[in-house]
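Asker: Structure: run35.cif, mmCIF, N, CA and C atoms.
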data_my_file
#
loop_
_atom_site.label_atom_id
_atom_site.label_comp_id
_atom_site.auth_asym_id
_atom_site.auth_seq_id
_atom_site.Cartn_x
_atom_site.Cartn_y
_atom_site.Cartn_z
N ILE A 610 4.97 10.37 13.20
CA ILE A 610 5.39 9.89 11.89
C ILE A 610 4.68 10.75 10.86
N THR A 611 5.42 11.22 9.88
CA THR A 611 4.85 12.10 8.87
C THR A 611 5.04 11.48 7.51
N GLY A 612 3.99 11.43 6.71
CA GLY A 612 4.06 10.90 5.36
C GLY A 612 4.23 12.00 4.35
N SER A 613 4.33 11.64 3.08
CA SER A 613 4.55 12.62 2.03
C SER A 613 3.35 13.54 1.83
N ALA A 614 2.19 13.13 2.31
CA ALA A 614 0.99 13.95 2.16
C ALA A 614 0.83 14.90 3.33
N SER A 615 1.87 15.06 4.13
CA SER A 615 1.87 15.95 5.28
C SER A 615 0.83 15.58 6.32
N ILE A 616 0.60 14.31 6.50
CA ILE A 616 -0.29 13.84 7.54
C ILE A 616 0.59 13.37 8.69
N SER A 617 0.36 13.90 9.87
CA SER A 617 1.18 13.56 11.01
C SER A 617 0.37 12.72 11.99
N VAL A 618 0.93 11.56 12.35
CA VAL A 618 0.28 10.65 13.29
C VAL A 618 1.31 10.27 14.34
N SER A 619 0.92 10.32 15.59
CA SER A 619 1.86 9.99 16.65
C SER A 619 2.07 8.48 16.74
N VAL A 620 3.23 8.09 17.25
CA VAL A 620 3.53 6.68 17.49
C VAL A 620 2.48 6.10 18.44
N ASP A 621 2.10 6.86 19.47
CA ASP A 621 1.09 6.38 20.42
C ASP A 621 -0.22 6.04 19.72
N THR A 622 -0.64 6.87 18.78
CA THR A 622 -1.88 6.61 18.04
C THR A 622 -1.76 5.34 17.22
N LEU A 623 -0.64 5.15 16.55
CA LEU A 623 -0.43 3.95 15.74
C LEU A 623 -0.37 2.70 16.62
N VAL A 624 0.25 2.81 17.78
CA VAL A 624 0.30 1.69 18.72
C VAL A 624 -1.11 1.34 19.20
N ASP A 625 -1.91 2.37 19.49
CA ASP A 625 -3.30 2.13 19.89
C ASP A 625 -4.08 1.42 18.79
N ILE A 626 -3.88 1.82 17.55
CA ILE A 626 -4.56 1.17 16.43
C ILE A 626 -4.12 -0.28 16.31
N ALA A 627 -2.83 -0.52 16.39
CA ALA A 627 -2.31 -1.90 16.32
C ALA A 627 -2.92 -2.75 17.42
N SER A 628 -2.95 -2.23 18.61
CA SER A 628 -3.51 -2.95 19.75
C SER A 628 -5.00 -3.22 19.58
N SER A 629 -5.71 -2.27 18.99
CA SER A 629 -7.16 -2.41 18.82
C SER A 629 -7.54 -3.51 17.84
N VAL A 630 -6.58 -3.91 16.99
CA VAL A 630 -6.86 -5.00 16.03
C VAL A 630 -6.17 -6.29 16.45
N GLY A 631 -5.71 -6.33 17.70
CA GLY A 631 -5.17 -7.58 18.25
C GLY A 631 -3.68 -7.78 18.13
N LEU A 632 -2.96 -6.78 17.67
CA LEU A 632 -1.50 -6.90 17.59
C LEU A 632 -0.88 -6.50 18.92
N SER A 633 0.32 -6.96 19.15
CA SER A 633 1.04 -6.61 20.38
C SER A 633 1.41 -5.13 20.36
N ALA A 634 0.97 -4.40 21.37
CA ALA A 634 1.31 -2.98 21.47
C ALA A 634 2.81 -2.80 21.63
N ALA A 635 3.45 -3.65 22.43
CA ALA A 635 4.90 -3.53 22.65
C ALA A 635 5.67 -3.77 21.35
N ALA A 636 5.25 -4.79 20.60
CA ALA A 636 5.94 -5.09 19.34
C ALA A 636 5.72 -3.97 18.33
N ALA A 637 4.50 -3.44 18.27
CA ALA A 637 4.22 -2.33 17.36
C ALA A 637 5.07 -1.12 17.70
N ARG A 638 5.16 -0.79 18.99
CA ARG A 638 5.96 0.35 19.42
C ARG A 638 7.43 0.15 19.02
N GLN A 639 7.95 -1.06 19.24
CA GLN A 639 9.35 -1.33 18.91
C GLN A 639 9.60 -1.15 17.41
N VAL A 640 8.71 -1.69 16.60
CA VAL A 640 8.86 -1.59 15.14
C VAL A 640 8.84 -0.12 14.71
N LEU A 641 7.90 0.64 15.27
CA LEU A 641 7.78 2.05 14.89
C LEU A 641 8.96 2.88 15.37
N GLU A 642 9.37 2.69 16.62
CA GLU A 642 10.44 3.52 17.18
C GLU A 642 11.80 3.19 16.59
N THR A 643 12.02 1.94 16.21
CA THR A 643 13.32 1.57 15.62
C THR A 643 13.31 1.68 14.10
N ARG A 644 12.12 1.97 13.55
CA ARG A 644 11.97 2.05 12.09
C ARG A 644 12.47 0.76 11.43
N GLN A 645 12.06 -0.35 12.02
CA GLN A 645 12.54 -1.67 11.62
C GLN A 645 12.36 -1.94 10.12
N PHE A 646 11.32 -1.43 9.52
CA PHE A 646 11.03 -1.72 8.12
C PHE A 646 11.30 -0.52 7.21
N GLN A 647 12.15 0.41 7.66
CA GLN A 647 12.41 1.62 6.89
C GLN A 647 12.93 1.31 5.49
N ALA A 648 13.85 0.38 5.36
CA ALA A 648 14.42 0.07 4.04
C ALA A 648 13.34 -0.47 3.11
N ALA A 649 12.47 -1.33 3.61
CA ALA A 649 11.40 -1.90 2.78
C ALA A 649 10.39 -0.82 2.38
N VAL A 650 10.06 0.07 3.31
CA VAL A 650 9.12 1.15 3.00
C VAL A 650 9.73 2.10 1.99
N ASP A 651 10.99 2.46 2.17
CA ASP A 651 11.67 3.34 1.22
C ASP A 651 11.71 2.70 -0.17
N ALA A 652 11.95 1.40 -0.24
CA ALA A 652 11.98 0.69 -1.53
C ALA A 652 10.59 0.73 -2.19
N ASP A 653 9.54 0.57 -1.39
CA ASP A 653 8.18 0.65 -1.92
C ASP A 653 7.89 2.04 -2.49
N TRP A 654 8.30 3.08 -1.76
CA TRP A 654 8.10 4.45 -2.25
C TRP A 654 8.84 4.65 -3.57
N GLN A 655 10.08 4.16 -3.63
CA GLN A 655 10.87 4.32 -4.86
C GLN A 655 10.21 3.58 -6.02
N ARG A 656 9.73 2.39 -5.77
CA ARG A 656 9.07 1.61 -6.83
C ARG A 656 7.79 2.32 -7.28
N SER A 657 7.05 2.87 -6.33
CA SER A 657 5.83 3.60 -6.67
C SER A 657 6.14 4.79 -7.57
N ARG A 658 7.17 5.52 -7.23
CA ARG A 658 7.58 6.67 -8.07
C ARG A 658 7.97 6.21 -9.47
N ALA A 659 8.68 5.08 -9.54
CA ALA A 659 9.11 4.56 -10.84
C ALA A 659 7.90 4.19 -11.72
N PHE A 660 6.82 3.72 -11.09
CA PHE A 660 5.60 3.40 -11.82
C PHE A 660 4.77 4.64 -12.14
N GLY A 661 5.15 5.77 -11.58
CA GLY A 661 4.39 7.00 -11.79
C GLY A 661 3.12 7.07 -10.95
N ILE A 662 3.10 6.34 -9.85
CA ILE A 662 1.93 6.33 -8.99
C ILE A 662 1.80 7.68 -8.29
N THR A 663 0.62 8.25 -8.41
CA THR A 663 0.38 9.58 -7.85
C THR A 663 -0.73 9.60 -6.82
N GLY A 664 -1.40 8.47 -6.61
CA GLY A 664 -2.49 8.44 -5.65
C GLY A 664 -2.79 7.03 -5.20
N VAL A 665 -3.64 6.94 -4.21
CA VAL A 665 -4.06 5.64 -3.72
C VAL A 665 -5.58 5.58 -3.72
N PRO A 666 -6.14 4.44 -3.99
CA PRO A 666 -5.42 3.23 -4.37
C PRO A 666 -4.95 3.30 -5.82
N THR A 667 -3.90 2.59 -6.11
CA THR A 667 -3.42 2.40 -7.47
C THR A 667 -3.28 0.90 -7.69
N PHE A 668 -3.78 0.43 -8.80
CA PHE A 668 -3.71 -0.99 -9.13
C PHE A 668 -2.78 -1.16 -10.32
N VAL A 669 -1.78 -2.04 -10.18
CA VAL A 669 -0.80 -2.28 -11.24
C VAL A 669 -0.80 -3.76 -11.57
N ALA A 670 -0.84 -4.06 -12.86
CA ALA A 670 -0.76 -5.44 -13.32
C ALA A 670 0.07 -5.47 -14.60
N ASN A 671 1.19 -6.17 -14.54
CA ASN A 671 2.05 -6.35 -15.71
C ASN A 671 2.44 -5.01 -16.34
N GLY A 672 2.80 -4.05 -15.50
CA GLY A 672 3.29 -2.77 -16.00
C GLY A 672 2.20 -1.78 -16.38
N ARG A 673 0.94 -2.15 -16.28
CA ARG A 673 -0.17 -1.24 -16.58
C ARG A 673 -0.87 -0.91 -15.27
N GLY A 674 -1.50 0.24 -15.22
CA GLY A 674 -2.15 0.59 -13.97
C GLY A 674 -3.32 1.53 -14.13
N VAL A 675 -4.11 1.60 -13.08
CA VAL A 675 -5.19 2.57 -12.96
C VAL A 675 -5.12 3.18 -11.56
N VAL A 676 -5.44 4.46 -11.49
CA VAL A 676 -5.35 5.19 -10.22
C VAL A 676 -6.76 5.49 -9.72
N GLY A 677 -6.93 5.33 -8.43
CA GLY A 677 -8.19 5.68 -7.80
C GLY A 677 -9.14 4.50 -7.68
N ALA A 678 -10.18 4.72 -6.90
CA ALA A 678 -11.20 3.69 -6.73
C ALA A 678 -11.84 3.45 -8.09
N GLN A 679 -11.96 2.18 -8.46
CA GLN A 679 -12.47 1.83 -9.78
C GLN A 679 -13.57 0.79 -9.66
N PRO A 680 -14.51 0.80 -10.59
CA PRO A 680 -15.52 -0.26 -10.59
C PRO A 680 -14.88 -1.59 -10.99
N TYR A 681 -15.54 -2.65 -10.61
CA TYR A 681 -15.05 -4.00 -10.89
C TYR A 681 -14.66 -4.17 -12.35
N GLU A 682 -15.48 -3.67 -13.26
CA GLU A 682 -15.24 -3.86 -14.69
C GLU A 682 -13.90 -3.26 -15.14
N VAL A 683 -13.52 -2.14 -14.57
CA VAL A 683 -12.25 -1.51 -14.92
C VAL A 683 -11.09 -2.38 -14.43
N LEU A 684 -11.19 -2.90 -13.20
CA LEU A 684 -10.13 -3.75 -12.67
C LEU A 684 -10.06 -5.07 -13.44
N GLU A 685 -11.22 -5.61 -13.81
CA GLU A 685 -11.25 -6.83 -14.61
C GLU A 685 -10.54 -6.60 -15.95
N ARG A 686 -10.82 -5.49 -16.59
CA ARG A 686 -10.19 -5.15 -17.88
C ARG A 686 -8.68 -5.01 -17.71
N LEU A 687 -8.24 -4.38 -16.63
CA LEU A 687 -6.81 -4.23 -16.36
C LEU A 687 -6.13 -5.59 -16.29
N VAL A 688 -6.74 -6.51 -15.56
CA VAL A 688 -6.15 -7.84 -15.41
C VAL A 688 -6.15 -8.58 -16.74
N LEU A 689 -7.23 -8.49 -17.51
CA LEU A 689 -7.28 -9.18 -18.80
C LEU A 689 -6.26 -8.62 -19.78
N VAL A 690 -6.16 -7.29 -19.84
CA VAL A 690 -5.18 -6.65 -20.74
C VAL A 690 -3.76 -7.03 -20.33
N ALA A 691 -3.55 -7.25 -19.04
CA ALA A 691 -2.24 -7.62 -18.53
C ALA A 691 -1.93 -9.10 -18.74
N GLY A 692 -2.87 -9.84 -19.30
CA GLY A 692 -2.62 -11.24 -19.59
C GLY A 692 -3.32 -12.22 -18.67
N GLY A 693 -4.17 -11.72 -17.81
CA GLY A 693 -4.90 -12.61 -16.92
C GLY A 693 -5.91 -13.44 -17.68
N VAL A 694 -6.27 -14.57 -17.13
CA VAL A 694 -7.24 -15.47 -17.74
C VAL A 694 -8.45 -15.58 -16.82
N PRO A 695 -9.64 -15.37 -17.39
CA PRO A 695 -10.85 -15.47 -16.54
C PRO A 695 -11.01 -16.88 -15.97
N ARG A 696 -11.55 -16.94 -14.77
CA ARG A 696 -11.85 -18.23 -14.15
C ARG A 696 -13.03 -18.86 -14.86
N GLN A 697 -12.99 -20.17 -14.96
CA GLN A 697 -14.11 -20.91 -15.54
C GLN A 697 -14.92 -21.53 -14.42
N GLY A 698 -16.23 -21.47 -14.53
CA GLY A 698 -17.09 -22.14 -13.57
C GLY A 698 -17.57 -21.25 -12.57
#
Mind turning this structure into structure tokens?
Answerer:
Amino acid sequence: ITGSASISVSVDTLVDIASSVGLSAAAARQVLETRQFQAAVDADWQRSRAFGITGVPTFVANGRGVVGAQPYEVLERLVLVAGGVPRQG
């Protein structure tokens, strides 16, 4: 499987990873080989492009976003600017 960043990972490797975290190896292989979630993944890529996302992680809240690993204060500000309300207590 090859992503847009030209990283190539074999189905066997992904199945091994799935199995190592307790998922069914057979189910993982079936999902990967049949591309069961291709439409959902393609929709996510399209939505990401529409938001102008250029890297990961990217955090989006109410149409605003920040790219890259961010300190807590930056993420808190993003949520507040997007209309979030701080928890009390």
Asker: Atom N of Val618 in chain A to atom C of Glu642 in chain A: how many Å, to one decimal?
Answerer: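 Taking atom N of Val618 in chain A and atom C of Glu642 in chain A, their separation equals 14.4 Å.
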Asker: Please indicate the distance in Å from CA of Ala652 in chain A to CA of Ala678 in chain A, rounded to one decimal place.
Answerer: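 The value is 23.9 Å.
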Asker: Run the PyMOL selection byres ((chain A and resi 691) around 7) on the file and write out the hits as a PyMOL selection string.
Answerer: chain A and resi 670-673+686-690+692-693
Asker: Quick check for you: according to DSSP on this backbone, which residues of chain A are classed as strand (DSSP E or B)? Reply as a list in words.
Answerer: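 Taking chain A and keeping strand (DSSP E or B) gives Thr611, Ser617, Thr667, Phe668, Val669, Ala670, Arg673, Gly674, Val675 and Val676 of chain A.
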Asker: Could you tell me how far atom N of Thr667 in chain A sits from atom N of Val620 in chain A, in Å to one decimal place?
Answerer: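 These atoms are spaced 25.0 Å apart.
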Asker: Hey, what does DSSP flag as helix (DSSP H, G or I) within chain A? Can you give it to me as a ChimeraX atom specification?
Answerer: /A:620-629,634-643,647-660,681-690
Asker: Where does the PyMOL selection byres (((chain A and resi 624 and name CA) around 12) and name CA) land in this file, that is, which residues does it pick, as number ranges by chain?
Answerer: A: 610, 618-623, 625-642
Asker: Applying 12 Å and only C-alpha atoms, which residues near Pro666 in chain A remain after dropping the ones on its own chain fewer than 4 positions away? List them as an NGL selection string.
Answerer: :A and (657 or 662 or 674-679 or 684)
Asker: With 3 Å added on each side, what axis-aligned box encloses every listed atom of range 629-639 of chain A? Give the centre and edge lengths in Å to one decimal, as AutoDock Vina command-line options.
Answerer:
--center_x 1.0 --center_y -3.7 --center_z 19.3 --size_x 23.1 --size_y 14.1 --size_z 12.6
